[in-house]
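**Student:** You'll find run11.txt just under this line, and it carries compact mmCIF, C-alpha atoms.
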# COMPACT_ATOMS: atom_id res chain seq x y z
CA MET A 1 0.63 -0.86 -15.17
CA ALA A 2 -2.87 -1.00 -13.72
CA LEU A 3 -3.62 -1.93 -10.12
CA ASP A 4 -4.71 -5.50 -10.86
CA GLY A 5 -4.38 -7.68 -7.78
CA LEU A 6 -3.79 -4.74 -5.44
CA GLN A 7 -6.09 -3.41 -2.78
CA THR A 8 -6.34 0.11 -4.14
CA PRO A 9 -6.03 2.94 -1.59
CA ALA A 10 -7.33 6.43 -2.22
CA TYR A 11 -4.68 8.38 -4.08
CA ASP A 12 -4.03 11.25 -6.48
CA ILE A 13 -1.51 11.38 -9.29
CA LEU A 14 1.25 13.80 -8.33
CA SER A 15 3.82 15.96 -10.06
CA THR A 16 6.29 18.29 -8.36
CA ILE A 17 7.39 21.15 -10.61
CA LEU A 18 9.94 23.95 -10.38
CA TYR A 19 8.55 27.41 -11.13
CA ASP A 20 11.42 29.82 -11.76
CA PRO A 21 10.68 33.05 -13.66
CA SER A 22 14.42 33.60 -14.15
CA LEU A 23 14.73 30.56 -16.43
CA PRO A 24 15.20 31.51 -20.09
CA ALA A 25 12.35 31.43 -22.58
CA GLY A 26 11.82 27.92 -23.88
CA VAL A 27 13.02 26.43 -20.59
CA GLY A 28 10.85 28.16 -18.00
CA PRO A 29 9.07 29.42 -16.14
CA PHE A 30 7.85 25.86 -15.39
CA PHE A 31 10.93 23.64 -15.69
CA LEU A 32 10.37 20.53 -17.86
CA LEU A 33 6.66 21.25 -18.06
CA GLN A 34 6.03 19.16 -21.18
CA HIS A 35 7.73 16.16 -19.58
CA HIS A 36 5.51 16.57 -16.51
CA LEU A 37 2.38 16.74 -18.67
CA ASP A 38 3.44 13.70 -20.69
CA ARG A 39 4.00 11.71 -17.50
CA LEU A 40 0.64 12.73 -16.05
CA GLU A 41 -1.10 11.65 -19.26
CA ARG A 42 0.75 8.33 -19.28
CA SER A 43 -0.17 7.67 -15.64
CA VAL A 44 -3.85 8.37 -16.29
CA ARG A 45 -3.75 5.90 -19.18
CA GLU A 46 -1.72 3.15 -17.52
CA LEU A 47 -3.58 3.38 -14.20
CA GLU A 48 -6.78 3.03 -16.25
CA TRP A 49 -8.41 6.24 -15.10
CA ASP A 50 -11.08 7.88 -17.23
CA GLU A 51 -9.15 9.70 -19.96
CA CYS A 52 -11.23 12.85 -19.50
CA VAL A 53 -9.45 13.41 -16.15
CA PHE A 54 -6.40 14.59 -18.07
CA ASP A 55 -6.89 17.91 -19.85
CA ARG A 56 -3.51 19.38 -20.82
CA ASP A 57 -4.80 22.90 -21.47
CA ASN A 58 -6.73 23.01 -18.20
CA ILE A 59 -3.69 21.89 -16.21
CA VAL A 60 -1.50 24.58 -17.79
CA GLU A 61 -4.17 27.19 -17.09
CA LYS A 62 -4.35 26.13 -13.41
CA LEU A 63 -0.57 26.33 -13.11
CA TYR A 64 -0.42 29.89 -14.42
CA GLU A 65 -3.32 30.92 -12.19
CA ALA A 66 -1.42 29.61 -9.16
CA VAL A 67 1.68 31.73 -9.85
CA LYS A 68 -0.02 34.91 -11.04
CA GLY A 69 1.81 37.94 -9.65
CA LYS A 70 4.61 35.84 -8.12
CA ASP A 71 8.18 36.61 -9.12
CA GLN A 72 10.11 34.24 -6.86
CA SER A 73 11.02 30.58 -7.37
CA LEU A 74 8.44 28.09 -6.13
CA ARG A 75 8.06 24.37 -5.68
CA ILE A 76 4.72 23.48 -7.24
CA ARG A 77 2.76 20.44 -6.07
CA LEU A 78 0.24 19.49 -8.73
CA LEU A 79 -2.41 16.92 -7.82
CA LEU A 80 -4.62 15.20 -10.36
CA SER A 81 -7.69 13.54 -8.84
CA CYS A 82 -10.17 11.23 -10.49
CA THR A 83 -12.95 12.98 -8.54
CA ASN A 84 -11.76 16.52 -7.73
CA GLY A 85 -9.90 17.60 -10.85
CA VAL A 86 -6.68 19.61 -10.62
CA THR A 87 -5.24 21.10 -7.43
CA VAL A 88 -2.12 23.29 -7.45
CA GLU A 89 -0.18 24.11 -4.28
CA SER A 90 2.94 26.30 -4.14
CA PHE A 91 5.80 26.58 -1.65
CA PRO A 92 8.85 28.89 -1.49
CA PHE A 93 11.93 27.26 -2.96
CA LYS A 94 15.46 28.51 -3.55
CA PRO A 95 17.42 26.56 -6.18
CA LEU A 96 20.98 25.93 -5.05
CA SER A 97 22.29 25.52 -8.60
CA ASP A 98 21.18 25.86 -12.21
CA PRO A 99 18.80 22.90 -12.78
CA THR A 100 19.50 22.97 -16.52
CA PHE A 101 23.20 22.18 -16.01
CA PRO A 102 23.89 18.42 -15.74
CA TYR A 103 25.98 17.18 -12.83
CA ASP A 104 29.42 15.82 -13.66
CA ASN A 105 31.72 13.86 -11.38
CA THR A 106 34.29 16.64 -11.22
CA THR A 107 31.90 18.65 -9.03
CA LEU A 108 31.95 18.08 -5.26
CA PRO A 109 29.00 15.89 -4.21
CA THR A 110 26.77 17.44 -1.56
CA TRP A 111 24.39 14.68 -0.38
CA ASP A 112 24.86 11.49 1.63
CA VAL A 113 23.28 8.43 0.03
CA TYR A 114 22.37 5.18 1.78
CA LEU A 115 21.22 1.80 0.50
CA ASP A 116 17.96 0.55 1.91
CA THR A 117 18.22 -2.37 4.32
CA ALA A 118 15.27 -4.28 2.81
CA PRO A 119 13.94 -4.73 -0.73
CA THR A 120 10.89 -2.95 -2.11
CA THR A 121 8.47 -4.85 -4.31
CA PRO A 122 7.76 -2.97 -7.57
CA SER A 123 4.16 -1.95 -8.16
CA ALA A 124 2.10 0.69 -9.90
CA PHE A 125 2.95 2.94 -6.95
CA THR A 126 6.68 2.75 -7.66
CA SER A 127 6.22 3.11 -11.42
CA HIS A 128 3.90 6.14 -11.13
CA LYS A 129 4.20 9.21 -8.92
CA THR A 130 1.19 9.36 -6.62
CA THR A 131 0.25 10.51 -3.14
CA TYR A 132 0.34 6.89 -1.94
CA ARG A 133 3.93 6.69 -0.69
CA PRO A 134 4.24 4.44 2.40
CA HIS A 135 6.96 2.35 0.73
CA TYR A 136 9.15 5.45 0.36
CA SER A 137 8.47 6.59 3.93
CA ALA A 138 9.35 3.13 5.25
CA SER A 139 12.58 3.11 3.27
CA ARG A 140 13.59 6.51 4.62
CA ILE A 141 12.82 5.48 8.20
CA ARG A 142 14.89 2.30 7.85
CA ALA A 143 17.97 3.80 6.25
CA LEU A 144 18.36 7.55 6.83
CA PRO A 145 19.72 9.48 9.81
CA PRO A 146 16.98 11.36 11.68
CA ASP A 147 16.22 14.92 10.55
CA SER A 148 18.69 14.93 7.65
CA ILE A 149 17.67 17.18 4.75
CA THR A 150 20.61 16.33 2.47
CA SER A 151 20.37 12.54 2.52
CA GLU A 152 18.74 10.06 0.18
CA VAL A 153 18.01 6.33 0.32
CA LEU A 154 18.21 4.04 -2.70
CA LEU A 155 15.52 1.39 -3.12
CA TYR A 156 16.19 -2.01 -4.69
CA ASN A 157 13.84 -4.78 -5.78
CA PRO A 158 13.76 -8.41 -4.55
CA ASN A 159 16.07 -9.37 -7.46
CA GLY A 160 18.80 -7.13 -6.05
CA GLU A 161 18.44 -4.47 -8.78
CA VAL A 162 18.60 -0.79 -7.84
CA MET A 163 15.30 0.97 -8.64
CA GLU A 164 15.53 4.65 -7.62
CA GLY A 165 15.78 6.97 -4.65
CA SER A 166 12.87 7.92 -2.42
CA ILE A 167 12.66 11.42 -3.95
CA THR A 168 15.10 11.08 -6.85
CA ASN A 169 16.23 9.01 -9.75
CA VAL A 170 19.86 7.96 -9.61
CA ALA A 171 22.71 7.23 -12.01
CA PHE A 172 25.98 5.37 -11.41
CA TYR A 173 29.27 6.03 -13.21
CA ARG A 174 30.23 2.83 -15.01
CA ASP A 175 32.92 2.45 -17.70
CA GLY A 176 32.88 6.14 -18.60
CA ASN A 177 29.09 6.53 -18.68
CA TRP A 178 26.34 7.49 -16.25
CA ILE A 179 23.93 4.55 -15.98
CA THR A 180 20.41 5.00 -14.61
CA PRO A 181 18.34 1.91 -13.76
CA GLU A 182 15.93 0.59 -16.36
CA LEU A 183 12.27 1.21 -15.58
CA THR A 184 11.75 -2.56 -15.76
CA CYS A 185 13.51 -2.66 -12.36
CA GLY A 186 10.45 -0.95 -10.89
CA GLY A 187 11.36 2.71 -10.47
CA LEU A 188 9.70 5.93 -11.54
CA GLY A 189 10.18 7.47 -14.97
CA GLY A 190 11.31 10.83 -13.64
CA VAL A 191 11.17 13.96 -15.78
CA MET A 192 14.82 14.91 -15.18
CA ARG A 193 15.85 11.33 -15.89
CA ARG A 194 14.05 11.61 -19.24
CA GLU A 195 15.66 14.97 -19.99
CA LEU A 196 19.18 13.72 -19.27
CA PHE A 197 18.61 10.54 -21.29
CA GLU A 198 17.33 12.48 -24.30
CA LYS A 199 20.38 14.75 -24.09
CA GLY A 200 22.72 11.75 -23.97
CA VAL A 201 23.95 12.54 -20.46
CA VAL A 202 22.77 9.22 -18.99
CA MET A 203 22.24 5.75 -20.40
CA LYS A 204 19.87 3.05 -19.17
CA GLY A 205 20.96 -0.26 -17.71
CA ILE A 206 20.74 -2.72 -14.83
CA VAL A 207 22.65 -1.77 -11.69
CA ARG A 208 22.95 -4.60 -9.21
CA LEU A 209 23.09 -3.91 -5.50
CA GLU A 210 26.37 -5.76 -5.03
CA SER A 211 28.06 -3.49 -7.59
CA VAL A 212 27.46 -0.39 -5.46
CA SER A 213 30.42 0.58 -3.28
CA VAL A 214 30.66 2.72 -0.18
CA GLY A 215 32.42 5.94 -1.12
CA GLU A 216 31.40 6.02 -4.77
CA VAL A 217 29.85 9.15 -6.22
CA VAL A 218 26.40 8.94 -7.79
CA MET A 219 24.24 11.41 -9.68
CA LEU A 220 20.87 12.24 -8.13
CA MET A 221 18.16 13.96 -10.15
CA ASN A 222 14.59 15.20 -9.97
CA GLY A 223 12.38 17.75 -11.67
CA VAL A 224 12.78 20.46 -9.03
CA ARG A 225 16.48 20.41 -8.14
CA GLY A 226 17.88 19.23 -11.47
CA SER A 227 20.89 16.95 -10.98
CA TRP A 228 23.55 16.88 -8.28
CA GLY A 229 26.07 14.60 -6.65
CA GLY A 230 25.91 12.28 -3.67
CA VAL A 231 28.25 9.83 -1.98
CA ILE A 232 27.31 6.28 -0.99
CA ARG A 233 27.76 6.14 2.79
CA GLY A 234 26.41 2.71 3.56
Turn this file's structure into structure tokens for me.

**Tutor:**
Amino acid sequence: MALDGLQTPAYDILSTILYDPSLPAGVGPFFLLQHHLDRLERSVRELEWDECVFDRDNIVEKLYEAVKGKDQSLRIRLLLSCTNGVTVESFPFKPLSDPTFPYDNTTLPTWDVYLDTAPTTPSAFTSHKTTYRPHYSASRIRALPPDSITSEVLLYNPNGEVMEGSITNVAFYRDGNWITPELTCGGLGGVMRRELFEKGVVMKGIVRLESVSVGEVVMLMNGVRGSWGGVIRG
């Protein structure tokens, strides 16, 4: 999805990655790294950037340079710029659970989840993860309690189809299966969403806004925290 018809702001392509040296070989130390790299490459292609911007080996090298000598878990913010190359920032992060273990609805949900009060129009900036995020900020301002760090808002498109959360993908338990919204609804192809789909934990489908009930438990997921439970509060 290129930016045809949009007034293009300045932006970088973004990926947020868990670095955890305690993860087993083949899983860590960068959780879901290949999925992150695949998504970056796809964004460069679909946003019609110069293909030379994406250099898989260079990105991996920059990541390892950023964590050299560090033995604690970190949240990595990787920025890919069409003019300034690769930037890697790191922040302390303490995982609250094993990100490799999928959430199931027998586990107590820990987050409060709210439906947005206005629709969001899908665009390249909802389909790709970038630093241009005013639509997510607006959604959070409209729907979330002030200063909450364990709350999420779910975006929906003008057709009344759930898209995603502001910092997560989401799945709903329907007829014995976890259903995550199709990307055609306008949301981001998250790396944890991909991982859980490939493992058969979630299926893809359309989730209409009117089918979502206050009090129901949903699965939230992203590439740093893994997957965990939330409750629809309103």

**Student:** Rank A:Val224, A:Val207, A:Leu78, A:Ile232 by their smallest atom-to-atom distance to Leu96 of chain A, using only C-alpha atoms, and report the top residue only.

**Tutor:** A:Val224

**Student:** Expressed in Å to a single decimal, how great is the separation between atom CA of His35 of chain A and atom CA of Glu195 of chain A?

**Tutor:**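 Result for atom CA of His35 of chain A versus atom CA of Glu195 of chain A: 8.0 Å, one decimal.
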
**Student:** Which polymer residues have any atom within 8 Å of an atom of Gln72 of chain A, counting only C-alpha atoms, with same-chain residues fewer than 5 positions away left out, as a list in words?

**Tutor:**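 Listed by chain and then number, they are Asp20, Pro21 and Pro92 of chain A.
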
**Student:** Work out how far atom CA of Gly190 of chain A is from atom CA of Asp57 of chain A, in Å to one decimal.

**Tutor:** 21.6 Å

**Student:** Just the residues within 6 Å of segment 111-113 of chain A, please, counting only C-alpha atoms, with nothing from its chain fewer than 4 positions along; format it as a ChimeraX atom specification.

**Tutor:** /A:150-153,230-233

**Student:** Store the residues of this selection in a file with C-alpha atoms, as a PDB file, in the coordinates of the input.

**Tutor:**
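And here is the file that came out, selection_20.pdb:
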ATOM      1  CA  THR A 150      20.610  16.330   2.470  1.00  0.00           C
ATOM      2  CA  SER A 151      20.370  12.540   2.520  1.00  0.00           C
ATOM      3  CA  GLU A 152      18.740  10.060   0.180  1.00  0.00           C
ATOM      4  CA  VAL A 153      18.010   6.330   0.320  1.00  0.00           C
ATOM      5  CA  GLY A 230      25.910  12.280  -3.670  1.00  0.00           C
ATOM      6  CA  VAL A 231      28.250   9.830  -1.980  1.00  0.00           C
ATOM      7  CA  ILE A 232      27.310   6.280  -0.990  1.00  0.00           C
ATOM      8  CA  ARG A 233      27.760   6.140   2.790  1.00  0.00           C
TER       9      ARG A 233
END

**Student:** Under the rule that all atoms listed in the file are counted, which of A:Met219, A:Leu37, A:Leu80, A:Val60 is the nearest residue to Ile13 of chain A?

**Tutor:**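 Checking each of A:Met219, A:Leu37, A:Leu80, A:Val60 against Ile13 of chain A, counting all atoms listed in the file, the winner is A:Leu80.
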
**Student:** Please provide the set of residues having any atom within 9 Å of segment 208-215 of chain A, restricted to all atoms listed in the file, with same-chain residues fewer than 6 positions apart removed, written as a count of residues only.

**Tutor:** 12

**Student:** Go through A:Lys68, A:Arg174, A:Arg42, A:His128 and flag the residue nearest Asn105 of chain A, using only C-alpha atoms for the distances.

**Tutor:** A:Arg174

**Student:** Name the residues, using the chain letters and numbers of the file, that sit within 7 Å of (28.3, 15.3, -12.0) when counting only C-alpha atoms, and give them as a ChimeraX atom specification.

**Tutor:** /A:102-107,219,228-229

**Student:** Would you mind listing what lies within 12 Å of Pro122 of chain A as a list in words, with all atoms listed in the file counted and same-chain residues fewer than 6 positions away left out?

**Tutor:**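 Near neighbours after the sequence-gap exclusion: Met1, Leu3, Leu6, His128, His135, Tyr136, Leu155, Tyr156, Asn157, Pro158, Asn159, Gly160, Glu161, Val162, Met163, Glu164, Leu183, Thr184, Cys185, Gly186, Gly187 and Leu188 of chain A.
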
**Student:** Can I get the selected residues back with C-alpha atoms, as a short mmCIF file (atom, residue, chain, number, x, y, z; two decimals), in the coordinates of the input?

**Tutor:**
data_model
loop_
_atom_site.label_atom_id
_atom_site.label_comp_id
_atom_site.auth_asym_id
_atom_site.auth_seq_id
_atom_site.Cartn_x
_atom_site.Cartn_y
_atom_site.Cartn_z
CA MET A 1 0.63 -0.86 -15.17
CA LEU A 3 -3.62 -1.93 -10.12
CA LEU A 6 -3.79 -4.74 -5.44
CA HIS A 128 3.90 6.14 -11.13
CA HIS A 135 6.96 2.35 0.73
CA TYR A 136 9.15 5.45 0.36
CA LEU A 155 15.52 1.39 -3.12
CA TYR A 156 16.19 -2.01 -4.69
CA ASN A 157 13.84 -4.78 -5.78
CA PRO A 158 13.76 -8.41 -4.55
CA ASN A 159 16.07 -9.37 -7.46
CA GLY A 160 18.80 -7.13 -6.05
CA GLU A 161 18.44 -4.47 -8.78
CA VAL A 162 18.60 -0.79 -7.84
CA MET A 163 15.30 0.97 -8.64
CA GLU A 164 15.53 4.65 -7.62
CA LEU A 183 12.27 1.21 -15.58
CA THR A 184 11.75 -2.56 -15.76
CA CYS A 185 13.51 -2.66 -12.36
CA GLY A 186 10.45 -0.95 -10.89
CA GLY A 187 11.36 2.71 -10.47
CA LEU A 188 9.70 5.93 -11.54
#

**Student:** Could you tell me which of A:Phe30, A:Ser81, A:Leu74, A:Val86 comes closest to Arg56 of chain A if we count all atoms listed in the file?

**Tutor:** A:Val86

**Student:** Within 10 Å of Tyr173 of chain A, counting all atoms listed in the file, which residues show up once you throw out same-chain ones fewer than 2 positions away? Write them as a compact mmCIF listing (two decimals) with C-alpha atoms, in the frame of the given file, please.

**Tutor:**
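Saved file around37.txt follows:
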# COMPACT_ATOMS: atom_id res chain seq x y z
CA ASP A 104 29.42 15.82 -13.66
CA ASN A 105 31.72 13.86 -11.38
CA ALA A 171 22.71 7.23 -12.01
CA ASP A 175 32.92 2.45 -17.70
CA GLY A 176 32.88 6.14 -18.60
CA ASN A 177 29.09 6.53 -18.68
CA TRP A 178 26.34 7.49 -16.25
CA ILE A 179 23.93 4.55 -15.98
CA THR A 180 20.41 5.00 -14.61
CA VAL A 202 22.77 9.22 -18.99
CA GLU A 216 31.40 6.02 -4.77
CA VAL A 217 29.85 9.15 -6.22
CA VAL A 218 26.40 8.94 -7.79
CA MET A 219 24.24 11.41 -9.68

**Student:** Counting all atoms listed in the file, which residues of segment 82-121 of chain A fall within 12 Å of segment 49-52 of chain A, and what is the closest atom pair for each with its distance in Å at one decimal, ordered by chain and rising number, as a Markdown table?

**Tutor:**
| residue | atom | partner | partner_atom | distance |
| --- | --- | --- | --- | --- |
| A:Cys82 | CA | A:Trp49 | CA | 7.0 |
| A:Thr83 | CA | A:Asp50 | CA | 10.2 |
| A:Gly85 | CA | A:Cys52 | CA | 10.0 |

**Student:** In Å to one decimal, how far is atom CA of Ala25 of chain A from atom CA of Asn169 of chain A?

**Tutor:**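 The value is 26.1 Å.
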
**Student:** With distances taken over all atoms listed in the file, which residue among A:Met203, A:Val88, A:Ile149, A:Ala118 lies nearest Val67 of chain A?

**Tutor:** A:Val88
